[in-house]
Amino acid sequence: DVRRSRSGVTAMLRLYDDPISGNGYKVRLLLSHLGTAYEYAAVDVMGGGTHTPDFLALNPIGKIPVLRLEDGTLLPESNAILAYLADGTPFWPDDRLARAQTLQWLFFEQYSHEPAIAVARYWLHLPEMDELQRRRLPELEARGDAALGVMDGHLAGRDFFVGGRFGLADIALYAYTHVADEGGFDLSRHPNVQRWLANVAAQPGHVTIDAPAGTAVTEAA
């Protein structure tokens, strides 16, 4: 995890992230389960930190998280980062079908789950929603509840999402699901999801979303 560059300087993974971000929390959670040391550069999303020239040099899309690898390569997109970090570990299955099913849930998380649950949570964190956001919030809550319903159905009789064991799909989906109530979602409607959340939180190496992350750094790049 910590390597020596050609110049002889020790390099470490560095994660650019906002502490309240579920997408960043996914990465922090996997790093904790892997026991991987890393530097942590906090970025204030609500304060405009992802739109500064320094941050846009890291990711022109202006989104967190971004992982800087030991050789300086920059890797954005939370689920791409998860796949990179999990490669060669038990979190990335050896079985071909299990790998495809893991990807299935990673795609579901980013297309059907996160755009509703995470966005509703973000809007409710704002000092004040605008009129369009207020009108759209019920739609997001309906879509998010439908996604939670899909998860609840899949988890009937299952402890985890893929292959009967804790893995990458669980980490990706846990991040925003466990704080879904902050977006106005009633998790008591989804008892299998609640049971699964407890299973994930009970895994060795688990850290909470507000736990101190990595070694703090202040450099913008």
# chains A, B, ... in the order shown; residues from 1 in each chain; ligands from 1
$ residues_around --residues "stretch 111-123 of chain A" --least-positions-apart "5" --cutoff "10 Å" --atoms "only C-alpha atoms" --output "ChimeraX atom specification"
/A:20-23,46,105-106,128-130,133-134,136-148,150-151,172-173,175-177,179-185
$ residues_around --residues "stretch 58-65 of chain A" --least-positions-apart "2" --cutoff "6 Å" --atoms "only C-alpha atoms" --output "PyMOL selection string"
chain A and resi 16-17+24+50-51+55-56
$ closest_atom_pairs --of "stretch 101-155 of chain A" --to "stretch 74-85 of chain A" --cutoff "10 Å" --atoms "only C-alpha atoms" --output "CSV"
residue,atom,partner,partner_atom,distance
A:Thr102,CA,A:Ala83,CA,9.9
A:Leu103,CA,A:Ala83,CA,9.2
A:Leu106,CA,A:Asn79,CA,6.7
A:Phe107,CA,A:Asn79,CA,8.6
A:Glu109,CA,A:Asn79,CA,9.2
A:Gln110,CA,A:Asn79,CA,8.3
$ select_by_dssp --residues "chain A" --states "alpha helix (DSSP H)" --output "ChimeraX atom specification"
/A:22-34,53-58,78-86,96-108,114-125,131-154,168-177,191-201
$ residues_around --residues "A:Gly167" --least-positions-apart "4" --cutoff "12 Å" --atoms "only C-alpha atoms" --output "MDAnalysis selection string"
chainID A and resid 26 29:30 33:34 82:83 86:87 89:94 98:99 101:103 105:106 159:163 171:174 199:200 203
$ select_by_dssp --residues "stretch 62-170 of chain A" --states "strand (DSSP E)" --output "VMD selection string"
chain A and resid 66 to 68 74 to 76
$ atom_distance --atom1 "atom CA of A:Ser188" --atom2 "atom CA of A:Asp152"
10.9 Å
$ closest_residue --among "A:Ala213, A:Phe108, A:Asp71, A:Asp95" --to "A:Asp18" --atoms "only C-alpha atoms"
A:Ala213
$ closest_residue --among "A:Leu31, A:Asp210, A:Asp186, A:Arg165" --to "A:Pro19" --atoms "only C-alpha atoms"
A:Asp210
